[in-house]
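Since the structure comes first, as structure tokens, the remarks are kept for the end.
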Amino acid sequence: MGVLAGVSPVSGLYGYLFGTLAGALATSSVLMSVQGTAALAVLVSDVPGVDASSEGLAALITLTIITGLIMLVVGLARGGSVVRFVPNSVVTGFVNAVAVTIVLSQLSELTGYRSASGNRIARALDTVGNVAAFDWPTVAASAATIVLIFALGRTRLGAFGMVVAIVGVSAAVAIGGLDSVRQVGDVAEIPSSLPAPRVPDLSLALGLVLPALSLAFVALVQGAAISQSTPNPDGVYPDVSGDFRGQGVANLVSGTFQGMPVGGSMSATGLLTAAGARTRWANVTAALVMVLVIVLFSGAASLIAMPALAGLLTVVGIRTFRIDNVVMVWRTGATQALVMAVTFVLTIAVPLQFAVLTGVGISIALFVVRQSNKVIVRRWVLDPDDPYPKEVAPPDELEADDVVVLTTYGSLFFASAPVFEGQLPKVTEASRRAVVVIRLRGKEDLGSTFISVITRYRRELASVGGQLVLAGVGRRIERQLRDTGALAELGEDNVFLATDSVGESLSRALRRVDTLRLSSGDDEAEAT
């Protein structure tokens with residue numbers, strides 16, 4: 001993943017080692033594998049100042065630690081639940097764009113041609129336009145790796161076929177003396193010992209907060225997918241926030257020991273469970289194996305062909321693309337398709353940290369719009385001979401002496417209030433002495449906008465001798481009505497608190513309506 005992230009492959013090794021080890025001990029999930037993922041690596045590749053140089057390593061360490069701190073704080077604050085605000089359309093657009101980005105980012109290692117163009121799309125177009133400048137041994141090595149991975153994956157080797165393909169192609173490059181084909185040793189020196197801890201460069205911290213927020217958010221979405229789909233061996237699903245805290249700890253350890261940002265890996269977790277893992281020791285063992293690789297086989301690791309790694313990452317990108325999810329979102333409607341398309345284009349066209357945060361903004365805006373428009377007002381028609389109320393559409397206008405019982409579904413907070421108001425029966429000169437009863441059972445918060453709506457509606461009713469009665473009012477809403485002065489305007493006799501017995505407050509409200517109607521009749525008789 002270090003290659004995909006545009007940093008030293010060593011940072012990828014350290015991220016795998018320390019992320020897997022710390023994640024195994026700190027997450028709520030027994031089986032979650034915490035390591036560098038393709039989405040996180042692509043995000044890192046877009047962060048200015050983070051590269052394979054010594055200055056870039058200092059920025060990478062700082063970025064990883066800041067990401068860990070954000071994840072740890074959010075996890076401690078039980079913030080894992082925010083993932084439910086991210087619609088599938090945004091996730092689908094982002095994941096599929098990452099898949100395309102992975103493939104585009106490997107074109108230079110796949111072909112041996114290094115474009116000097118500014119962004120990934122321009123580099124891809126430039127590469128396609130310069131086929132004559134390709135290094136054909138490099139192309140052959142990358143093509144052979146891709147073919148072998150797909151072919152061996154169909155055999156009993158399964159996922160282990162990836163390792164066989166990379167080792168086989170790298171061995172062929174070394175034995176054949178193909179000097180034009182780059183190897184890992186040409187990119188970075190693979191150490192034969194474990195790294196010493198390093199402190200972050202705080203002077204770089206401010207400029208890395210935004211990318212760190214994006215990394216934390218993507219890790220939250222990926223980790224939540226694992227938490228919600230992979231139960232612990234005892235059958236209980238792990239806590240999303242607990243897993244997020246564990247990933248935060250893993251990033252703190254990874255950054256301290258010069259590793260790249262890490263998060264829950266769906267593919268690695270799947271491999272682990274498929275292999276029969278039952279305890280945390282499975283991930284601990286994987287980390288210890290990496291220790292042996294670094295200490296004993298660093299020389300051999302330097303001989304790995306870069307086109308072989310590029311071929312592997314290209315396969316990862318191809319397999320990451322989910323056309324079935326795209327089709328499903330497309331079929332759900334124009335709005336969802338548009339959100340998916342916008343997220344996809346932004347992820348391809350702009351730095352990923354901005355694309356991710358834009359996706360979050362789209363998610364929040366969608367949620368607010370949907371919630372504000374999901375208000376439904378229905379009329380309850382009560383029959384003494386029928387224990388079940390009939391639910392019908394409310395009348396467009398109130399008639400004289402009408403008694404209309406209304407119940408509401410959905411939120412009534414803030415932007416929802418005008419939608420609610422638009423569904424109330426209109427008060428006209430012909431609505432004299434009409435009474436409207438509004439059930440508010442189950443509503444926890446109204447807000448000043450809704451309170452303004454009901455007080456305004458009460459005045460309209462009062463102007464034609466009518467009345468507004470509220471039933472099923474919770475204690476919190478009663479306090480809001482009292483503190484804003486609305487309770488005094490509505491009249492305390494016209495507001496009925498909810499009780500544990502469903503329907504009791506409505507019955508008392510209807511008795512109040514009878515009283516009001518009798519009082520109104522007496523007043524008219526006296527006037528006559």
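Going through the structure tokens in order, the chains are called A, B, and so on, while each chain numbers its residues from 1 and the ligands are numbered from 1 in the order shown.
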For Leu312 of chain A, please output as a PDB file with N, CA and C atoms, in the first residue's frame all residues within 10 Å (counting only C-alpha atoms; exclusion window: fewer than 5 positions along the same chain).
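Dumped everything to result31.pdb:
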```pdb
ATOM      1  N   GLN A 106      -1.466   3.543 -11.228  1.00  0.00           N
ATOM      2  CA  GLN A 106      -0.426   2.548 -11.483  1.00  0.00           C
ATOM      3  C   GLN A 106       0.065   2.529 -12.927  1.00  0.00           C
ATOM      4  N   SER A 142       4.167  -6.598 -15.901  1.00  0.00           N
ATOM      5  CA  SER A 142       2.889  -6.237 -15.267  1.00  0.00           C
ATOM      6  C   SER A 142       1.740  -7.067 -15.841  1.00  0.00           C
ATOM      7  N   THR A 145       1.840 -10.577 -14.445  1.00  0.00           N
ATOM      8  CA  THR A 145       1.348 -10.616 -13.055  1.00  0.00           C
ATOM      9  C   THR A 145      -0.171 -10.629 -13.011  1.00  0.00           C
ATOM     10  N   ILE A 146      -0.800  -9.761 -13.796  1.00  0.00           N
ATOM     11  CA  ILE A 146      -2.266  -9.686 -13.802  1.00  0.00           C
ATOM     12  C   ILE A 146      -2.868 -11.006 -14.276  1.00  0.00           C
ATOM     13  N   LEU A 148      -1.496 -14.008 -14.259  1.00  0.00           N
ATOM     14  CA  LEU A 148      -1.241 -15.069 -13.268  1.00  0.00           C
ATOM     15  C   LEU A 148      -2.167 -14.954 -12.054  1.00  0.00           C
ATOM     16  N   ILE A 149      -2.399 -13.730 -11.574  1.00  0.00           N
ATOM     17  CA  ILE A 149      -3.269 -13.557 -10.398  1.00  0.00           C
ATOM     18  C   ILE A 149      -4.671 -14.075 -10.702  1.00  0.00           C
ATOM     19  N   MET A 162      -1.836 -14.719  -5.497  1.00  0.00           N
ATOM     20  CA  MET A 162      -1.264 -13.376  -5.648  1.00  0.00           C
ATOM     21  C   MET A 162       0.218 -13.380  -5.284  1.00  0.00           C
ATOM     22  N   VAL A 163       0.532 -14.019  -4.165  1.00  0.00           N
ATOM     23  CA  VAL A 163       1.926 -14.088  -3.710  1.00  0.00           C
ATOM     24  C   VAL A 163       2.770 -14.850  -4.726  1.00  0.00           C
ATOM     25  N   ALA A 165       2.244 -15.227  -7.909  1.00  0.00           N
ATOM     26  CA  ALA A 165       2.392 -14.428  -9.124  1.00  0.00           C
ATOM     27  C   ALA A 165       3.478 -13.365  -8.955  1.00  0.00           C
ATOM     28  N   ILE A 166       3.475 -12.650  -7.832  1.00  0.00           N
ATOM     29  CA  ILE A 166       4.462 -11.588  -7.615  1.00  0.00           C
ATOM     30  C   ILE A 166       5.865 -12.176  -7.492  1.00  0.00           C
ATOM     31  N   MET A 306       8.612  -3.833  -9.368  1.00  0.00           N
ATOM     32  CA  MET A 306       7.562  -2.827  -9.211  1.00  0.00           C
ATOM     33  C   MET A 306       6.372  -3.070 -10.149  1.00  0.00           C
ATOM     34  N   PRO A 307       6.604  -3.503 -11.415  1.00  0.00           N
ATOM     35  CA  PRO A 307       5.443  -3.811 -12.256  1.00  0.00           C
ATOM     36  C   PRO A 307       4.583  -4.937 -11.688  1.00  0.00           C
ATOM     37  N   GLY A 317      -7.826  -2.795  -7.819  1.00  0.00           N
ATOM     38  CA  GLY A 317      -8.729  -1.764  -8.325  1.00  0.00           C
ATOM     39  C   GLY A 317      -9.885  -2.347  -9.110  1.00  0.00           C
ATOM     40  N   ILE A 318      -9.589  -3.321  -9.972  1.00  0.00           N
ATOM     41  CA  ILE A 318     -10.640  -3.952 -10.774  1.00  0.00           C
ATOM     42  C   ILE A 318     -11.648  -4.652  -9.877  1.00  0.00           C
TER      43      ILE A 318
END
```
Segment 136-236 of chain A: which residues are alpha helix (DSSP H) by DSSP, as a compact mmCIF listing (two decimals) with all heavy atoms, in the first residue's frame?
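Saved the output as result-v7.txt:
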```txt
# COMPACT_ATOMS: atom_id res chain seq x y z
N TRP A 136 8.76 -2.03 -22.81
CA TRP A 136 8.01 -3.26 -23.05
C TRP A 136 8.34 -4.40 -22.10
O TRP A 136 7.44 -5.19 -21.76
CB TRP A 136 8.16 -3.67 -24.52
CG TRP A 136 7.51 -2.64 -25.39
CD1 TRP A 136 8.13 -1.72 -26.20
CD2 TRP A 136 6.11 -2.37 -25.50
NE1 TRP A 136 7.22 -0.90 -26.79
CE2 TRP A 136 5.96 -1.27 -26.39
CE3 TRP A 136 4.97 -2.93 -24.93
CZ2 TRP A 136 4.72 -0.74 -26.72
CZ3 TRP A 136 3.73 -2.41 -25.26
CH2 TRP A 136 3.60 -1.32 -26.15
N PRO A 137 9.56 -4.53 -21.60
CA PRO A 137 9.77 -5.52 -20.53
C PRO A 137 8.92 -5.23 -19.29
O PRO A 137 8.41 -6.14 -18.64
CB PRO A 137 11.27 -5.41 -20.23
CG PRO A 137 11.86 -4.93 -21.51
CD PRO A 137 10.85 -3.98 -22.08
N THR A 138 8.77 -3.94 -18.98
CA THR A 138 7.91 -3.55 -17.86
C THR A 138 6.46 -3.92 -18.13
O THR A 138 5.76 -4.46 -17.27
CB THR A 138 8.03 -2.04 -17.59
OG1 THR A 138 9.37 -1.74 -17.18
CG2 THR A 138 7.07 -1.59 -16.51
N VAL A 139 6.00 -3.63 -19.34
CA VAL A 139 4.63 -3.97 -19.72
C VAL A 139 4.42 -5.49 -19.63
O VAL A 139 3.38 -5.96 -19.13
CB VAL A 139 4.32 -3.47 -21.15
CG1 VAL A 139 2.94 -3.97 -21.61
CG2 VAL A 139 4.36 -1.95 -21.21
N ALA A 140 5.41 -6.25 -20.10
CA ALA A 140 5.29 -7.71 -20.07
C ALA A 140 5.22 -8.22 -18.64
O ALA A 140 4.42 -9.13 -18.31
CB ALA A 140 6.48 -8.34 -20.80
N ALA A 141 6.04 -7.65 -17.75
CA ALA A 141 6.05 -8.09 -16.35
C ALA A 141 4.72 -7.79 -15.67
O ALA A 141 4.17 -8.63 -14.95
CB ALA A 141 7.19 -7.42 -15.61
N SER A 142 4.17 -6.60 -15.90
CA SER A 142 2.89 -6.24 -15.27
C SER A 142 1.74 -7.07 -15.84
O SER A 142 0.87 -7.54 -15.10
CB SER A 142 2.61 -4.74 -15.45
OG SER A 142 2.63 -4.38 -16.81
N ALA A 143 1.75 -7.27 -17.18
CA ALA A 143 0.69 -8.08 -17.80
C ALA A 143 0.75 -9.52 -17.30
O ALA A 143 -0.30 -10.13 -17.02
CB ALA A 143 0.82 -8.02 -19.32
N ALA A 144 1.96 -10.07 -17.19
CA ALA A 144 2.11 -11.44 -16.71
C ALA A 144 1.58 -11.58 -15.28
O ALA A 144 0.93 -12.57 -14.93
CB ALA A 144 3.58 -11.86 -16.77
N THR A 145 1.84 -10.58 -14.44
CA THR A 145 1.35 -10.62 -13.05
C THR A 145 -0.17 -10.63 -13.01
O THR A 145 -0.79 -11.42 -12.28
CB THR A 145 1.88 -9.39 -12.27
OG1 THR A 145 3.30 -9.36 -12.33
CG2 THR A 145 1.43 -9.47 -10.82
N ILE A 146 -0.80 -9.76 -13.80
CA ILE A 146 -2.27 -9.69 -13.80
C ILE A 146 -2.87 -11.01 -14.28
O ILE A 146 -3.80 -11.54 -13.65
CB ILE A 146 -2.73 -8.52 -14.70
CG1 ILE A 146 -2.29 -7.18 -14.08
CG2 ILE A 146 -4.24 -8.55 -14.88
CD1 ILE A 146 -2.53 -5.98 -14.98
N VAL A 147 -2.33 -11.55 -15.37
CA VAL A 147 -2.84 -12.81 -15.90
C VAL A 147 -2.68 -13.93 -14.88
O VAL A 147 -3.59 -14.74 -14.65
CB VAL A 147 -2.14 -13.17 -17.23
CG1 VAL A 147 -2.51 -14.59 -17.66
CG2 VAL A 147 -2.52 -12.17 -18.31
N LEU A 148 -1.50 -14.01 -14.26
CA LEU A 148 -1.24 -15.07 -13.27
C LEU A 148 -2.17 -14.95 -12.05
O LEU A 148 -2.66 -15.96 -11.54
CB LEU A 148 0.22 -15.02 -12.82
CG LEU A 148 1.25 -15.63 -13.78
CD1 LEU A 148 2.66 -15.35 -13.30
CD2 LEU A 148 1.02 -17.14 -13.91
N ILE A 149 -2.40 -13.73 -11.57
CA ILE A 149 -3.27 -13.56 -10.40
C ILE A 149 -4.67 -14.07 -10.70
O ILE A 149 -5.27 -14.81 -9.91
CB ILE A 149 -3.31 -12.08 -9.97
CG1 ILE A 149 -1.97 -11.67 -9.34
CG2 ILE A 149 -4.44 -11.84 -8.97
CD1 ILE A 149 -1.88 -10.20 -8.99
N PHE A 150 -5.21 -13.70 -11.86
CA PHE A 150 -6.55 -14.17 -12.22
C PHE A 150 -6.58 -15.68 -12.45
O PHE A 150 -7.51 -16.37 -12.04
CB PHE A 150 -7.06 -13.44 -13.47
CG PHE A 150 -7.61 -12.07 -13.18
CD1 PHE A 150 -6.99 -10.93 -13.68
CD2 PHE A 150 -8.74 -11.91 -12.39
CE1 PHE A 150 -7.50 -9.67 -13.42
CE2 PHE A 150 -9.25 -10.65 -12.12
CZ PHE A 150 -8.63 -9.52 -12.63
N ALA A 151 -5.52 -16.20 -13.11
CA ALA A 151 -5.49 -17.63 -13.42
C ALA A 151 -5.30 -18.47 -12.16
O ALA A 151 -6.03 -19.45 -11.94
CB ALA A 151 -4.37 -17.92 -14.42
N LEU A 152 -4.35 -18.08 -11.33
CA LEU A 152 -4.08 -18.86 -10.11
C LEU A 152 -5.21 -18.73 -9.10
O LEU A 152 -5.40 -19.62 -8.26
CB LEU A 152 -2.75 -18.41 -9.49
CG LEU A 152 -1.50 -18.69 -10.33
CD1 LEU A 152 -0.26 -18.09 -9.67
CD2 LEU A 152 -1.31 -20.19 -10.54
N GLY A 153 -5.95 -17.61 -9.16
CA GLY A 153 -7.06 -17.44 -8.24
C GLY A 153 -8.16 -18.46 -8.46
O GLY A 153 -8.97 -18.71 -7.57
N PHE A 160 -3.70 -17.06 -2.24
CA PHE A 160 -2.25 -17.22 -2.16
C PHE A 160 -1.62 -17.12 -3.55
O PHE A 160 -0.42 -16.90 -3.68
CB PHE A 160 -1.91 -18.57 -1.52
CG PHE A 160 -0.44 -18.73 -1.19
CD1 PHE A 160 0.13 -17.98 -0.18
CD2 PHE A 160 0.36 -19.60 -1.91
CE1 PHE A 160 1.48 -18.12 0.13
CE2 PHE A 160 1.69 -19.75 -1.61
CZ PHE A 160 2.26 -19.01 -0.59
N GLY A 161 -2.46 -17.25 -4.59
CA GLY A 161 -1.95 -17.12 -5.95
C GLY A 161 -1.36 -15.75 -6.22
O GLY A 161 -0.49 -15.59 -7.08
N MET A 162 -1.84 -14.72 -5.50
CA MET A 162 -1.26 -13.38 -5.65
C MET A 162 0.22 -13.38 -5.28
O MET A 162 1.06 -12.81 -5.99
CB MET A 162 -2.01 -12.38 -4.76
CG MET A 162 -3.46 -12.16 -5.12
SD MET A 162 -4.20 -10.91 -4.03
CE MET A 162 -5.89 -10.91 -4.64
N VAL A 163 0.53 -14.02 -4.16
CA VAL A 163 1.93 -14.09 -3.71
C VAL A 163 2.77 -14.85 -4.73
O VAL A 163 3.88 -14.43 -5.08
CB VAL A 163 2.00 -14.75 -2.32
CG1 VAL A 163 3.45 -14.86 -1.87
CG2 VAL A 163 1.18 -13.97 -1.31
N VAL A 164 2.25 -15.97 -5.21
CA VAL A 164 2.97 -16.78 -6.18
C VAL A 164 3.24 -15.98 -7.46
O VAL A 164 4.33 -16.02 -8.03
CB VAL A 164 2.18 -18.07 -6.51
CG1 VAL A 164 2.86 -18.84 -7.63
CG2 VAL A 164 2.04 -18.93 -5.27
N ALA A 165 2.24 -15.23 -7.91
CA ALA A 165 2.39 -14.43 -9.12
C ALA A 165 3.48 -13.36 -8.96
O ALA A 165 4.33 -13.20 -9.84
CB ALA A 165 1.07 -13.77 -9.48
N ILE A 166 3.48 -12.65 -7.83
CA ILE A 166 4.46 -11.59 -7.61
C ILE A 166 5.86 -12.18 -7.49
O ILE A 166 6.83 -11.67 -8.09
CB ILE A 166 4.10 -10.78 -6.36
CG1 ILE A 166 2.81 -9.99 -6.59
CG2 ILE A 166 5.23 -9.82 -5.98
CD1 ILE A 166 2.28 -9.28 -5.37
N VAL A 167 5.99 -13.25 -6.72
CA VAL A 167 7.30 -13.88 -6.55
C VAL A 167 7.80 -14.44 -7.88
O VAL A 167 8.97 -14.27 -8.25
CB VAL A 167 7.22 -14.99 -5.48
CG1 VAL A 167 8.52 -15.78 -5.44
CG2 VAL A 167 6.94 -14.39 -4.12
N GLY A 168 6.92 -15.09 -8.63
CA GLY A 168 7.33 -15.68 -9.90
C GLY A 168 7.79 -14.65 -10.90
O GLY A 168 8.84 -14.79 -11.54
N VAL A 169 7.01 -13.58 -11.07
CA VAL A 169 7.38 -12.53 -12.02
C VAL A 169 8.66 -11.82 -11.57
O VAL A 169 9.54 -11.53 -12.39
CB VAL A 169 6.22 -11.53 -12.20
CG1 VAL A 169 6.67 -10.31 -12.99
CG2 VAL A 169 5.04 -12.21 -12.88
N SER A 170 8.77 -11.54 -10.28
CA SER A 170 9.96 -10.86 -9.77
C SER A 170 11.20 -11.72 -9.98
O SER A 170 12.28 -11.22 -10.34
CB SER A 170 9.80 -10.53 -8.28
OG SER A 170 8.72 -9.64 -8.08
N ALA A 171 11.07 -13.02 -9.76
CA ALA A 171 12.20 -13.94 -9.99
C ALA A 171 12.59 -13.95 -11.46
O ALA A 171 13.79 -13.94 -11.80
CB ALA A 171 11.82 -15.34 -9.52
N ALA A 172 11.60 -13.94 -12.34
CA ALA A 172 11.89 -13.94 -13.77
C ALA A 172 12.61 -12.67 -14.19
O ALA A 172 13.55 -12.70 -15.01
CB ALA A 172 10.59 -14.09 -14.56
N VAL A 173 12.21 -11.53 -13.63
CA VAL A 173 12.87 -10.26 -13.93
C VAL A 173 14.32 -10.28 -13.46
O VAL A 173 15.23 -9.86 -14.18
CB VAL A 173 12.09 -9.09 -13.28
CG1 VAL A 173 12.92 -7.80 -13.33
CG2 VAL A 173 10.75 -8.89 -13.96
N ALA A 174 14.54 -10.79 -12.23
CA ALA A 174 15.90 -10.82 -11.68
C ALA A 174 16.79 -11.78 -12.46
O ALA A 174 17.94 -11.46 -12.81
CB ALA A 174 15.85 -11.21 -10.21
N ILE A 175 16.28 -12.97 -12.75
CA ILE A 175 17.08 -13.98 -13.47
C ILE A 175 17.34 -13.53 -14.91
O ILE A 175 18.42 -13.75 -15.47
CB ILE A 175 16.35 -15.34 -13.45
CG1 ILE A 175 16.29 -15.86 -12.01
CG2 ILE A 175 17.06 -16.36 -14.36
CD1 ILE A 175 15.43 -17.10 -11.85
N GLY A 176 16.34 -12.90 -15.52
CA GLY A 176 16.50 -12.47 -16.90
C GLY A 176 17.35 -11.22 -17.07
O GLY A 176 17.63 -10.82 -18.20
N VAL A 184 11.81 -2.95 -6.08
CA VAL A 184 11.56 -2.21 -4.84
C VAL A 184 12.84 -1.57 -4.33
O VAL A 184 12.83 -0.43 -3.82
CB VAL A 184 10.95 -3.14 -3.77
CG1 VAL A 184 10.92 -2.45 -2.41
CG2 VAL A 184 9.55 -3.57 -4.17
N GLY A 185 13.96 -2.25 -4.48
CA GLY A 185 15.24 -1.71 -4.02
C GLY A 185 15.64 -0.45 -4.75
O GLY A 185 16.45 0.34 -4.23
N ASP A 186 15.10 -0.22 -5.96
CA ASP A 186 15.39 1.02 -6.69
C ASP A 186 14.59 2.20 -6.14
O ASP A 186 14.92 3.36 -6.39
CB ASP A 186 15.04 0.85 -8.18
CG ASP A 186 15.88 -0.23 -8.84
OD1 ASP A 186 17.05 -0.37 -8.46
OD2 ASP A 186 15.35 -0.94 -9.72
N VAL A 187 13.52 1.89 -5.41
CA VAL A 187 12.64 2.93 -4.87
C VAL A 187 13.00 3.27 -3.43
O VAL A 187 13.00 4.44 -3.03
CB VAL A 187 11.17 2.47 -4.95
CG1 VAL A 187 10.24 3.53 -4.36
CG2 VAL A 187 10.79 2.16 -6.39
N ALA A 205 1.31 20.20 11.48
CA ALA A 205 0.02 19.67 11.91
C ALA A 205 -1.17 20.41 11.32
O ALA A 205 -2.13 19.78 10.84
CB ALA A 205 -0.06 19.69 13.44
N LEU A 206 -1.14 21.74 11.31
CA LEU A 206 -2.30 22.51 10.88
C LEU A 206 -2.69 22.19 9.43
O LEU A 206 -3.88 22.03 9.11
CB LEU A 206 -2.03 24.01 11.03
CG LEU A 206 -3.21 24.94 10.75
CD1 LEU A 206 -4.36 24.64 11.70
CD2 LEU A 206 -2.78 26.40 10.87
N GLY A 207 -1.71 22.06 8.56
CA GLY A 207 -2.00 21.79 7.16
C GLY A 207 -2.45 20.36 6.90
O GLY A 207 -2.90 20.05 5.79
N LEU A 208 -2.34 19.50 7.90
CA LEU A 208 -2.69 18.09 7.72
C LEU A 208 -4.01 17.72 8.39
O LEU A 208 -4.43 16.56 8.31
CB LEU A 208 -1.57 17.19 8.26
CG LEU A 208 -0.23 17.30 7.53
CD1 LEU A 208 0.84 16.52 8.27
CD2 LEU A 208 -0.35 16.80 6.09
N VAL A 209 -4.66 18.67 9.04
CA VAL A 209 -5.90 18.36 9.76
C VAL A 209 -7.01 17.96 8.78
O VAL A 209 -7.72 16.97 9.00
CB VAL A 209 -6.35 19.57 10.60
CG1 VAL A 209 -7.75 19.35 11.14
CG2 VAL A 209 -5.38 19.78 11.76
N LEU A 210 -7.17 18.70 7.68
CA LEU A 210 -8.22 18.39 6.72
C LEU A 210 -8.04 16.99 6.10
O LEU A 210 -8.99 16.19 6.08
CB LEU A 210 -8.28 19.46 5.63
CG LEU A 210 -9.35 19.26 4.55
CD1 LEU A 210 -10.74 19.23 5.18
CD2 LEU A 210 -9.27 20.38 3.51
N PRO A 211 -6.84 16.66 5.59
CA PRO A 211 -6.65 15.30 5.09
C PRO A 211 -6.88 14.24 6.16
O PRO A 211 -7.41 13.16 5.88
CB PRO A 211 -5.20 15.28 4.59
CG PRO A 211 -4.81 16.68 4.43
CD PRO A 211 -5.65 17.49 5.34
N ALA A 212 -6.47 14.54 7.40
CA ALA A 212 -6.66 13.58 8.49
C ALA A 212 -8.14 13.34 8.77
O ALA A 212 -8.56 12.22 9.03
CB ALA A 212 -5.95 14.07 9.76
N LEU A 213 -8.95 14.41 8.70
CA LEU A 213 -10.40 14.26 8.87
C LEU A 213 -10.98 13.35 7.78
O LEU A 213 -11.83 12.49 8.05
CB LEU A 213 -11.08 15.63 8.84
CG LEU A 213 -10.97 16.49 10.09
CD1 LEU A 213 -11.44 17.91 9.81
CD2 LEU A 213 -11.77 15.88 11.24
N SER A 214 -10.52 13.54 6.55
CA SER A 214 -10.99 12.71 5.44
C SER A 214 -10.60 11.26 5.64
O SER A 214 -11.40 10.35 5.42
CB SER A 214 -10.43 13.24 4.11
OG SER A 214 -10.84 14.57 3.87
N LEU A 215 -9.36 11.03 6.06
CA LEU A 215 -8.89 9.67 6.32
C LEU A 215 -9.71 9.01 7.43
O LEU A 215 -10.11 7.85 7.32
CB LEU A 215 -7.41 9.70 6.70
CG LEU A 215 -6.42 9.91 5.54
CD1 LEU A 215 -5.06 10.34 6.09
CD2 LEU A 215 -6.27 8.64 4.71
N ALA A 216 -9.96 9.78 8.49
CA ALA A 216 -10.74 9.24 9.61
C ALA A 216 -12.15 8.88 9.16
O ALA A 216 -12.69 7.83 9.56
CB ALA A 216 -10.77 10.24 10.76
N PHE A 217 -12.75 9.72 8.32
CA PHE A 217 -14.11 9.45 7.88
C PHE A 217 -14.17 8.19 7.01
O PHE A 217 -15.05 7.34 7.18
CB PHE A 217 -14.66 10.64 7.10
CG PHE A 217 -16.04 10.41 6.58
CD1 PHE A 217 -17.14 10.50 7.42
CD2 PHE A 217 -16.25 10.08 5.25
CE1 PHE A 217 -18.42 10.27 6.95
CE2 PHE A 217 -17.52 9.84 4.76
CZ PHE A 217 -18.61 9.95 5.61
N VAL A 218 -13.24 8.07 6.07
CA VAL A 218 -13.22 6.88 5.21
C VAL A 218 -12.97 5.63 6.04
O VAL A 218 -13.61 4.59 5.83
CB VAL A 218 -12.14 7.04 4.11
CG1 VAL A 218 -11.96 5.73 3.35
CG2 VAL A 218 -12.52 8.15 3.15
N ALA A 219 -12.06 5.72 7.01
CA ALA A 219 -11.81 4.57 7.88
C ALA A 219 -13.05 4.21 8.68
O ALA A 219 -13.32 3.02 8.91
CB ALA A 219 -10.64 4.88 8.82
N LEU A 220 -13.82 5.21 9.10
CA LEU A 220 -15.05 4.94 9.85
C LEU A 220 -16.04 4.15 9.00
O LEU A 220 -16.63 3.17 9.45
CB LEU A 220 -15.68 6.26 10.30
CG LEU A 220 -17.08 6.16 10.93
CD1 LEU A 220 -17.05 5.29 12.18
CD2 LEU A 220 -17.62 7.54 11.25
N VAL A 221 -16.23 4.59 7.75
CA VAL A 221 -17.17 3.91 6.86
C VAL A 221 -16.72 2.48 6.59
O VAL A 221 -17.50 1.53 6.66
CB VAL A 221 -17.33 4.69 5.54
CG1 VAL A 221 -18.19 3.90 4.55
CG2 VAL A 221 -17.95 6.06 5.80
N GLN A 222 -15.42 2.31 6.28
CA GLN A 222 -14.90 0.96 6.00
C GLN A 222 -14.97 0.08 7.24
O GLN A 222 -15.39 -1.08 7.16
CB GLN A 222 -13.45 1.05 5.52
CG GLN A 222 -13.30 1.66 4.13
CD GLN A 222 -11.86 1.64 3.64
OE1 GLN A 222 -10.92 1.85 4.41
NE2 GLN A 222 -11.68 1.39 2.36
N GLY A 223 -14.57 0.63 8.38
CA GLY A 223 -14.59 -0.16 9.61
C GLY A 223 -15.99 -0.53 10.03
O GLY A 223 -16.24 -1.65 10.51
N ALA A 224 -16.95 0.39 9.83
CA ALA A 224 -18.33 0.10 10.20
C ALA A 224 -18.90 -1.03 9.36
O ALA A 224 -19.68 -1.86 9.85
CB ALA A 224 -19.19 1.35 10.04
N ALA A 225 -18.49 -1.09 8.09
CA ALA A 225 -18.95 -2.18 7.23
C ALA A 225 -18.49 -3.53 7.76
O ALA A 225 -19.23 -4.53 7.71
CB ALA A 225 -18.44 -1.97 5.81
N ILE A 226 -17.28 -3.57 8.31
CA ILE A 226 -16.77 -4.82 8.89
C ILE A 226 -17.49 -5.13 10.20
O ILE A 226 -17.91 -6.26 10.44
CB ILE A 226 -15.25 -4.70 9.11
CG1 ILE A 226 -14.52 -4.47 7.79
CG2 ILE A 226 -14.70 -5.96 9.79
CD1 ILE A 226 -13.05 -4.15 7.94
N SER A 227 -17.63 -4.12 11.05
CA SER A 227 -18.26 -4.31 12.35
C SER A 227 -19.68 -4.84 12.21
O SER A 227 -20.13 -5.66 13.01
CB SER A 227 -18.28 -2.99 13.14
OG SER A 227 -16.97 -2.47 13.29
```
Notebook entry, point to check: So what do you get for atom CA of Thr358 of chain A versus atom CA of Ser8 of chain A, distance-wise?
Noted result: 29.1 Å
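The protein and nucleic acid residues lying at most 7 Å from Val240 of chain A are Gly80, Ala224, Ser227, Pro238, Gly242, Asp243 and Phe244 of chain A, with only C-alpha atoms considered and sequence neighbours fewer than 2 positions away removed.
One finds atom CA of Ala393 of chain A at 13.3 Å from atom CA of Gly422 of chain A.
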Next item on the list: Just the residues within 10 Å of Leu412 of chain A, please, counting only C-alpha atoms, with nothing from its chain fewer than 6 positions along; format it as an NGL selection string.
Entry: :A and (371-376 or 418-421 or 440 or 443-447 or 449-451)
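The interatomic distance for the pair atom CA of Val50 of chain A and atom CA of Val7 of chain A works out to 7.0 Å.
Residue nearest Val34 of chain A, chosen from A:Leu157, A:Leu272, A:Val427, A:Ile294 and counting only C-alpha atoms: A:Leu272.
Considering only C-alpha atoms, the residue among A:Gly12, A:Asn96, A:Leu366, A:Val74 positioned nearest to Ile323 of chain A is A:Asn96.
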